[in-house]
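Participant: Structure file entry_37.txt (compact mmCIF, C-alpha atoms) is given on the next line.
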# COMPACT_ATOMS: atom_id res chain seq x y z
CA MET S 9 14.32 105.10 167.23
CA ILE S 10 15.74 101.65 167.63
CA ASP S 11 15.59 101.25 163.89
CA ALA S 12 17.57 104.43 163.29
CA LYS S 13 20.28 103.26 165.67
CA ARG S 14 20.50 100.00 163.85
CA ARG S 15 21.00 101.91 160.60
CA ILE S 16 23.82 103.94 162.15
CA LEU S 17 25.46 100.84 163.51
CA LEU S 18 25.21 99.14 160.14
CA LYS S 19 26.67 102.14 158.36
CA GLY S 20 29.47 102.36 160.89
CA SER S 21 30.45 98.73 160.58
CA LEU S 22 30.22 98.90 156.81
CA ALA S 23 32.54 101.90 156.73
CA ALA S 24 35.01 100.22 159.06
CA GLY S 25 34.85 97.13 156.92
CA SER S 26 35.66 98.98 153.72
CA VAL S 27 38.55 100.81 155.41
CA GLY S 28 39.89 97.44 156.46
CA ILE S 29 39.61 96.19 152.90
CA ALA S 30 41.35 99.29 151.55
CA VAL S 31 44.21 98.87 154.01
CA GLY S 32 44.40 95.21 153.15
CA ALA S 33 44.52 96.00 149.45
CA GLY S 34 47.09 98.71 150.07
CA LEU S 35 49.28 96.27 151.92
CA LEU S 36 48.80 93.58 149.34
CA THR S 37 49.76 95.63 146.31
CA PRO S 38 53.39 96.32 147.17
CA SER S 39 54.03 92.81 148.42
CA ALA S 40 52.57 91.41 145.20
CA VAL S 41 54.75 93.71 143.13
CA LEU S 42 57.83 92.92 145.19
CA GLY S 43 57.09 89.24 145.45
CA ALA S 44 60.65 88.11 145.01
CA TRP S 45 62.38 91.07 146.61
CA ASN S 46 63.80 90.29 150.00
CA GLU S 47 63.88 93.53 151.96
CA GLY S 48 65.50 92.01 155.04
CA ALA S 49 68.39 90.61 153.04
CA PHE S 50 68.97 93.60 150.80
CA GLY S 51 68.61 96.09 153.64
CA ALA S 52 71.00 94.19 155.91
CA THR S 53 74.18 96.01 156.87
CA ASP S 54 76.31 92.91 157.42
CA ILE S 55 76.98 89.97 155.17
CA SER S 56 75.85 87.21 157.51
CA THR S 57 72.39 88.77 158.05
CA ALA S 58 72.06 89.28 154.32
CA LEU S 59 72.97 85.69 153.51
CA ASN S 60 70.76 84.28 156.25
CA GLY S 61 67.86 86.35 154.99
CA LEU S 62 68.41 85.48 151.36
CA LEU S 63 69.58 81.88 151.37
CA GLY S 64 68.74 80.74 154.88
CA SER S 65 72.34 80.19 155.89
CA ASP S 66 75.63 82.01 156.00
CA ALA S 67 77.85 78.94 156.12
CA THR S 68 79.80 79.18 152.90
CA GLU S 69 82.60 76.99 151.71
CA THR S 70 85.44 78.66 149.84
CA SER S 71 85.63 77.21 146.38
CA ALA S 72 88.23 77.55 143.67
CA ASP S 73 85.57 76.75 141.08
CA ILE S 74 84.14 80.24 141.20
CA THR S 75 85.71 82.74 138.87
CA ILE S 76 85.14 86.43 139.52
CA LYS S 77 86.19 88.74 136.76
CA ALA S 78 86.58 92.27 138.06
CA PRO S 79 89.16 95.00 137.65
CA ASP S 80 92.03 95.06 140.15
CA ILE S 81 91.69 98.80 140.36
CA ALA S 82 88.37 100.48 139.66
CA GLU S 83 88.87 104.11 138.84
CA ASN S 84 85.20 104.86 139.31
CA GLY S 85 83.41 103.01 142.09
CA ALA S 86 80.03 103.87 140.57
CA VAL S 87 80.58 101.45 137.71
CA VAL S 88 82.54 98.29 138.48
CA PRO S 89 82.04 95.52 135.94
CA ILE S 90 81.70 92.12 137.61
CA THR S 91 81.41 88.75 135.94
CA VAL S 92 80.85 85.61 137.97
CA GLU S 93 81.28 82.17 136.48
CA SER S 94 81.33 78.78 138.13
CA SER S 95 82.10 75.24 137.12
CA ILE S 96 80.13 73.79 140.04
CA GLY S 97 77.27 71.60 138.85
CA GLY S 98 73.60 72.30 139.59
CA VAL S 99 73.94 75.97 140.45
CA LYS S 100 70.64 77.40 141.68
CA SER S 101 71.63 80.98 142.36
CA ILE S 102 74.52 83.40 142.27
CA SER S 103 74.68 86.34 144.66
CA ILE S 104 77.07 89.25 144.45
CA ILE S 105 78.24 90.99 147.62
CA ALA S 106 80.35 94.12 147.81
CA SER S 107 81.63 93.64 151.34
CA GLY S 108 82.61 97.28 151.85
CA ASN S 109 79.21 98.74 151.00
CA GLY S 110 76.72 99.95 153.61
CA THR S 111 74.28 97.31 152.44
CA PRO S 112 76.63 94.64 151.11
CA LEU S 113 74.17 92.46 149.20
CA VAL S 114 74.07 93.93 145.72
CA ALA S 115 72.38 91.36 143.56
CA SER S 116 71.09 87.83 143.53
CA PHE S 117 70.50 85.90 140.34
CA GLU S 118 68.23 82.90 140.46
CA LEU S 119 68.97 80.55 137.63
CA GLY S 120 66.12 78.74 135.95
CA GLU S 121 66.15 75.73 133.68
CA GLY S 122 68.81 75.88 130.98
CA ALA S 123 70.61 78.82 132.52
CA MET S 124 74.37 78.46 132.74
CA PRO S 125 76.29 79.53 135.86
CA PHE S 126 77.36 82.81 134.34
CA VAL S 127 76.24 86.34 135.16
CA SER S 128 77.72 89.68 134.38
CA THR S 129 76.68 93.12 135.56
CA ARG S 130 78.02 96.43 136.80
CA ILE S 131 77.91 97.36 140.47
CA LYS S 132 78.62 100.34 142.71
CA MET S 133 81.34 100.09 145.33
CA GLY S 134 81.76 102.57 148.13
CA LYS S 135 85.37 101.74 148.88
CA THR S 136 88.16 99.27 148.32
CA ALA S 137 86.87 95.88 149.38
CA ASP S 138 86.39 92.26 148.47
CA VAL S 139 83.72 91.38 145.98
CA VAL S 140 82.25 88.10 147.19
CA ALA S 141 80.28 85.77 144.98
CA VAL S 142 78.10 83.22 146.74
CA VAL S 143 76.98 80.30 144.64
CA GLN S 144 74.15 78.09 145.79
CA ALA S 145 74.38 74.54 144.45
CA GLY S 146 72.32 71.74 145.93
CA ASP S 147 71.90 72.65 149.61
CA LYS S 148 75.40 74.03 149.91
CA LEU S 149 76.81 77.50 149.56
CA TYR S 150 80.15 78.16 147.97
CA SER S 151 81.96 81.44 147.90
CA GLY S 152 84.76 83.13 146.08
CA ALA S 153 86.23 86.58 146.57
CA LYS S 154 88.27 89.11 144.69
CA ASN S 155 89.69 92.34 146.00
CA VAL S 156 88.87 95.46 144.04
CA LYS S 157 90.65 98.70 144.76
CA VAL S 158 88.38 101.69 144.38
CA THR S 159 89.87 105.12 143.89
CA ILE S 160 86.61 107.11 143.76
CA GLY S 161 83.61 105.88 145.76
CA GLY S 162 80.31 105.11 144.08
CA CYS S 163 77.95 105.29 147.04
CA GLY S 164 76.90 108.57 148.57
CA GLY S 165 79.12 111.24 147.06
CA MET K 6 56.26 104.45 126.62
CA ALA K 7 58.68 103.43 123.96
CA SER K 8 61.01 100.75 125.11
CA THR K 9 64.41 102.07 126.12
CA MET K 10 65.89 98.70 126.88
CA LYS K 11 68.41 97.22 124.49
CA ILE K 12 68.77 93.48 124.21
CA ARG K 13 71.19 91.46 122.15
CA ALA K 14 70.88 87.70 122.08
CA LYS K 15 73.29 85.53 120.18
CA SER K 16 73.32 81.80 119.82
CA LYS K 17 76.49 79.83 119.25
CA ASP K 18 76.95 76.07 119.58
CA GLY K 19 73.65 75.74 121.44
CA GLU K 20 74.55 78.39 123.98
CA THR K 21 72.67 81.64 123.93
CA THR K 22 74.33 84.72 125.36
CA VAL K 23 72.03 87.57 126.26
CA LYS K 24 73.24 91.08 126.92
CA ALA K 25 70.89 93.82 127.96
CA LEU K 26 71.13 97.48 128.84
CA MET K 27 68.36 99.22 130.74
CA ASN K 28 67.69 102.87 131.29
CA HIS K 29 67.26 103.57 134.95
CA PRO K 30 68.63 106.10 137.48
CA MET K 31 69.25 103.41 140.17
CA GLU K 32 69.13 105.82 143.11
CA THR K 33 70.11 104.22 146.40
CA GLY K 34 68.25 106.76 148.51
CA LEU K 35 71.49 107.69 150.25
CA ARG K 36 72.69 110.31 147.80
CA LYS K 37 72.02 113.95 148.56
CA ASP K 38 71.08 116.71 146.20
CA LYS K 39 74.11 118.98 146.24
CA ALA K 40 72.06 122.16 145.81
CA THR K 41 69.40 121.58 148.47
CA GLY K 42 71.09 119.04 150.74
CA GLU K 43 67.98 116.88 150.65
CA ALA K 44 68.22 113.15 150.16
CA ILE K 45 67.25 111.93 146.72
CA PRO K 46 64.57 109.27 147.23
CA ALA K 47 65.47 105.68 146.43
CA HIS K 48 64.50 104.58 142.97
CA PHE K 49 66.02 101.37 141.72
CA ILE K 50 65.18 98.17 139.89
CA GLN K 51 64.34 95.40 142.30
CA GLU K 52 63.53 92.54 140.04
CA VAL K 53 64.51 91.48 136.55
CA VAL K 54 62.84 88.47 134.96
CA CYS K 55 64.29 86.97 131.82
CA LYS K 56 62.25 84.56 129.77
CA ALA K 57 63.07 82.54 126.70
CA LYS K 58 60.19 80.92 124.86
CA ASP K 59 57.89 81.81 127.80
CA ALA K 60 60.00 79.83 130.28
CA VAL K 61 61.79 81.77 133.00
CA VAL K 62 65.53 81.42 132.52
CA MET K 63 66.73 83.80 135.19
CA THR K 64 65.31 86.00 137.90
CA ALA K 65 67.52 88.68 139.35
CA ALA K 66 66.88 90.57 142.58
CA TRP K 67 68.82 93.79 142.85
CA SER K 68 69.53 96.46 145.41
CA GLY K 69 70.53 100.05 144.74
CA GLY K 70 74.09 98.79 144.57
CA ILE K 71 73.76 98.08 140.86
CA SER K 72 75.17 100.82 138.67
CA LYS K 73 73.04 103.42 136.93
CA ASN K 74 71.67 102.30 133.56
CA PRO K 75 72.19 98.65 134.47
CA TYR K 76 73.91 96.13 132.27
CA ILE K 77 73.22 92.44 132.57
CA SER K 78 74.53 89.45 130.73
CA PHE K 79 73.77 85.78 131.13
CA LYS K 80 73.92 82.53 129.19
CA PHE K 81 71.55 79.66 128.75
CA THR K 82 71.07 76.56 126.66
CA GLY K 83 68.05 75.10 124.90
CA ALA K 84 67.10 77.91 122.53
CA ASN K 85 67.64 78.31 118.82
CA PRO K 86 68.16 81.30 116.56
CA GLY K 87 64.80 82.87 115.84
CA ASP K 88 63.40 82.18 119.30
CA SER K 89 62.49 85.19 121.38
CA VAL K 90 63.93 86.44 124.65
CA GLU K 91 61.89 88.67 126.93
CA ILE K 92 63.23 90.79 129.78
CA THR K 93 61.03 92.59 132.29
CA TRP K 94 62.21 94.81 135.13
CA THR K 95 60.22 96.16 138.04
CA ASP K 96 61.47 98.94 140.31
CA ASN K 97 60.70 99.94 143.89
CA LYS K 98 58.05 102.41 142.70
CA GLY K 99 56.20 99.65 140.89
CA GLU K 100 57.18 100.90 137.45
CA SER K 101 58.14 98.27 134.96
CA GLU K 102 59.29 97.77 131.42
CA THR K 103 59.37 94.79 129.11
CA ALA K 104 61.36 94.31 125.94
CA THR K 105 61.82 91.39 123.62
CA ALA K 106 64.50 90.42 121.16
CA GLU K 107 65.02 87.65 118.68
CA ILE K 108 67.99 85.34 119.11
CA SER K 109 70.40 85.67 116.22
For the file at hand, write its structure as structure tokens.
Facilitator:
Amino acid sequence: MIDAKRRILLKGSLAAGSVGIAVGAGLLTPSAVLGAWNEGAFGATDISTALNGLLGSDATETSADITIKAPDIAENGAVVPITVESSIGGVKSISIIASGNGTPLVASFELGEGAMPFVSTRIKMGKTADVVAVVQAGDKLYSGAKNVKVTIGGCGG
Amino acid sequence: MASTMKIRAKSKDGETTVKALMNHPMETGLRKDKATGEAIPAHFIQEVVCKAKDAVVMTAAWSGGISKNPYISFKFTGANPGDSVEITWTDNKGESETATAEIS
């Protein structure tokens, strides 16, 4: 009798153990896949939370050495070509923020060895707003902005 | 799956310019299906890793705010014509795709 109980107890703890492992594995898989993806920053609805989550600070210094190439008027907010270039030395990352979007942080480019401070992509913009580029160089953050007028929104719709 | 990503890499005066086009719906999760009124689930690329000669040149983290069928361009130094460039993207469903191109 005692023996049988022991068996049951063993089985029970073994089962619980494997469930725990399965949950652990389940939790591990997405975080391993999304290693570099910062949910807090990309899900943030205001710029300062996004920057704090992504770069650890939202204190940016306006710099004239950041060039943002974007159309003055975007006819279609779903596709707005943006090019960010900078002449600041030692750029570690470039982030693109569409300040009028529900989740303003659109993209962040981490530059490795040999990469030049130049990125170009196409973003969605919900409404007329400033496109802000935040450049991380050394331990400082620099920013530049350009207003883009959007005639048809690209988010929702 | 056959690769649907297009990469062009050109080297000039020691600078390599890479341009790439990916095939992806880039759904934000906020759009609604007009017929049913149900939200279309989010499906977008979260991470793009670009390597040249097995060294990571650039890592991009994206939200759904990047346009459908994303375009990306960047420049780097230290590679020569004939070297290879590799781009890998991973989306929020864990799907991924890798493509390589030779620098011309």
Participant: Show me, as a tab-separated table (two decimals) with C-alpha atoms, keeping the file's coordinate frame, the residues of chain K whose atoms get within 9 Å of chain S, using only C-alpha atoms for the distance check.
Facilitator:
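Contents of the output file part.tsv:
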chain	number	residue	atom	x	y	z
K	20	GLU	CA	74.55	78.39	123.98
K	24	LYS	CA	73.24	91.08	126.92
K	33	THR	CA	70.11	104.22	146.40
K	34	GLY	CA	68.25	106.76	148.51
K	35	LEU	CA	71.49	107.69	150.25
K	36	ARG	CA	72.69	110.31	147.80
K	37	LYS	CA	72.02	113.95	148.56
K	51	GLN	CA	64.34	95.40	142.30
K	52	GLU	CA	63.53	92.54	140.04
K	60	ALA	CA	60.00	79.83	130.28
K	61	VAL	CA	61.79	81.77	133.00
K	62	VAL	CA	65.53	81.42	132.52
K	63	MET	CA	66.73	83.80	135.19
K	64	THR	CA	65.31	86.00	137.90
K	65	ALA	CA	67.52	88.68	139.35
K	66	ALA	CA	66.88	90.57	142.58
K	67	TRP	CA	68.82	93.79	142.85
K	68	SER	CA	69.53	96.46	145.41
K	69	GLY	CA	70.53	100.05	144.74
K	70	GLY	CA	74.09	98.79	144.57
K	71	ILE	CA	73.76	98.08	140.86
K	72	SER	CA	75.17	100.82	138.67
K	73	LYS	CA	73.04	103.42	136.93
K	75	PRO	CA	72.19	98.65	134.47
K	76	TYR	CA	73.91	96.13	132.27
K	77	ILE	CA	73.22	92.44	132.57
K	78	SER	CA	74.53	89.45	130.73
K	79	PHE	CA	73.77	85.78	131.13
K	80	LYS	CA	73.92	82.53	129.19
K	81	PHE	CA	71.55	79.66	128.75
K	82	THR	CA	71.07	76.56	126.66
K	83	GLY	CA	68.05	75.10	124.90
K	84	ALA	CA	67.10	77.91	122.53
K	95	THR	CA	60.22	96.16	138.04
K	96	ASP	CA	61.47	98.94	140.31
K	97	ASN	CA	60.70	99.94	143.89
K	98	LYS	CA	58.05	102.41	142.70
K	99	GLY	CA	56.20	99.65	140.89
Participant: Have a look at atom CA of Ser56 of chain S and atom CA of Ala72 of chain S and let me know their distance in Å, one decimal.
Facilitator: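 We find that atom CA of Ser56 of chain S and atom CA of Ala72 of chain S lie 20.9 Å from each other.
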Participant: For the atom pair atom CA of Ser65 of chain S and atom CA of Ala137 of chain S, what is the interatomic distance in Å to one decimal place?
Facilitator: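 Spanning atom CA of Ser65 of chain S to atom CA of Ala137 of chain S is a straight-line distance of 22.4 Å.
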Participant: Please, what distance in Å, to one decimal, runs between atom CA of Met27 of chain K and atom CA of Ile50 of chain K?
Facilitator: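 Answer for the atom CA of Met27 of chain K to atom CA of Ile50 of chain K separation: 9.7 Å.
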Participant: Near Ser95 of chain S, within 9 Å and counting all atoms listed in the file, which residues show up once chain neighbours fewer than 4 positions away are dropped, as a PDB file with C-alpha atoms, in the coordinates of the input?
Facilitator:
ATOM      1  CA  ASP S  73      85.570  76.750 141.080  1.00  0.00           C
ATOM      2  CA  ILE S  74      84.140  80.240 141.200  1.00  0.00           C
ATOM      3  CA  THR S  75      85.710  82.740 138.870  1.00  0.00           C
ATOM      4  CA  VAL S  99      73.940  75.970 140.450  1.00  0.00           C
ATOM      5  CA  PRO S 125      76.290  79.530 135.860  1.00  0.00           C
TER       6      PRO S 125
END
Participant: For Val90 of chain K, work out the shell of residues within 6 Å, counting only C-alpha atoms and skipping chain neighbours fewer than 5 positions away, then give it as a PyMOL selection string.
Facilitator: chain K and resi 56-57+105-106
Participant: So, counting only C-alpha atoms, which residue among K:Thr103, K:Ile45, K:Cys55, K:Thr93 is closest to Val23 of chain K?
Facilitator: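 So, comparing all the options, the nearest one is K:Cys55.
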Participant: Using only C-alpha atoms, give me every residue within 6 Å of (70.7, 86.9, 120.3) in file coordinates, as a PyMOL selection string.
Facilitator: chain K and resi 13-16+107-109
Participant: Can you work out which one of K:Met31, K:Thr21, K:Ala44, K:Leu26 has the shortest atom-to-atom distance to Ala104 of chain K, counting only C-alpha atoms?
Facilitator: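 The closest residue to Ala104 of chain K is K:Leu26.
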Participant: Measuring atom to atom with all atoms listed in the file, identify which of S:Asn84, S:Val143, S:Asp66, S:Gly97 is nearest to Lys157 of chain S.
Facilitator: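 Of S:Asn84, S:Val143, S:Asp66, S:Gly97, the one nearest Lys157 of chain S, counting all atoms listed in the file, is S:Asn84.
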Participant: Using all atoms listed in the file, find all polymer residues with an atom at most 6 Å away from the point (90.1, 103.4, 148.1); report them as a list in words.
Facilitator: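 Collected hits near the coordinates: Lys135, Thr136, Lys157, Val158 and Thr159 of chain S.
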Participant: Using C-alpha atoms, can you write the selected residues to a file as an mmCIF file, in the coordinates of the input?
Facilitator:
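To be explicit, this is the file written out as part34.cif:
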data_model
loop_
_atom_site.group_PDB
_atom_site.id
_atom_site.type_symbol
_atom_site.label_atom_id
_atom_site.label_comp_id
_atom_site.auth_asym_id
_atom_site.auth_seq_id
_atom_site.Cartn_x
_atom_site.Cartn_y
_atom_site.Cartn_z
ATOM 1 C CA LYS S 135 85.370 101.740 148.880
ATOM 2 C CA THR S 136 88.160 99.270 148.320
ATOM 3 C CA LYS S 157 90.650 98.700 144.760
ATOM 4 C CA VAL S 158 88.380 101.690 144.380
ATOM 5 C CA THR S 159 89.870 105.120 143.890
#
Participant: Could you give me, as a list in words, the residues within 6 Å of Thr70 of chain S, counting only C-alpha atoms and dropping anything in the same chain fewer than 4 positions from it?
Facilitator: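 Final neighbour list, sorted by chain and number: Tyr150, Ser151 and Gly152 of chain S.
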Participant: Write the residues you've just listed into a file as a PDB file, keeping the file's coordinate frame, and include C-alpha atoms for each of them.
Facilitator:
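Okay, this is what ended up in out39.pdb:
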ATOM      1  CA  TYR S 150      80.150  78.160 147.970  1.00  0.00           C
ATOM      2  CA  SER S 151      81.960  81.440 147.900  1.00  0.00           C
ATOM      3  CA  GLY S 152      84.760  83.130 146.080  1.00  0.00           C
TER       4      GLY S 152
END
Participant: Using all atoms listed in the file, which residue out of S:Ile96, S:Val139, S:Leu149, S:Ala78 lies closest to Gly64 of chain S?
Facilitator: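 Answer, going by the shortest atom-to-atom distance: S:Leu149.
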Participant: Skipping near chain neighbours, those fewer than 4 positions away, what residues fall within 7 Å of Asn28 of chain K using only C-alpha atoms, listed as a ChimeraX atom specification?
Facilitator: /K:9-10,74-75
Participant: Box in all listed atoms of segment 88-106 of chain S, axis-aligned, with 6 Å more on each side; write out centre and edge lengths in Å to one decimal as lines of an AutoDock Vina configuration file.
Facilitator:
center_x = 76.6
center_y = 84.9
center_z = 141.9
size_x = 23.9
size_y = 38.7
size_z = 23.9
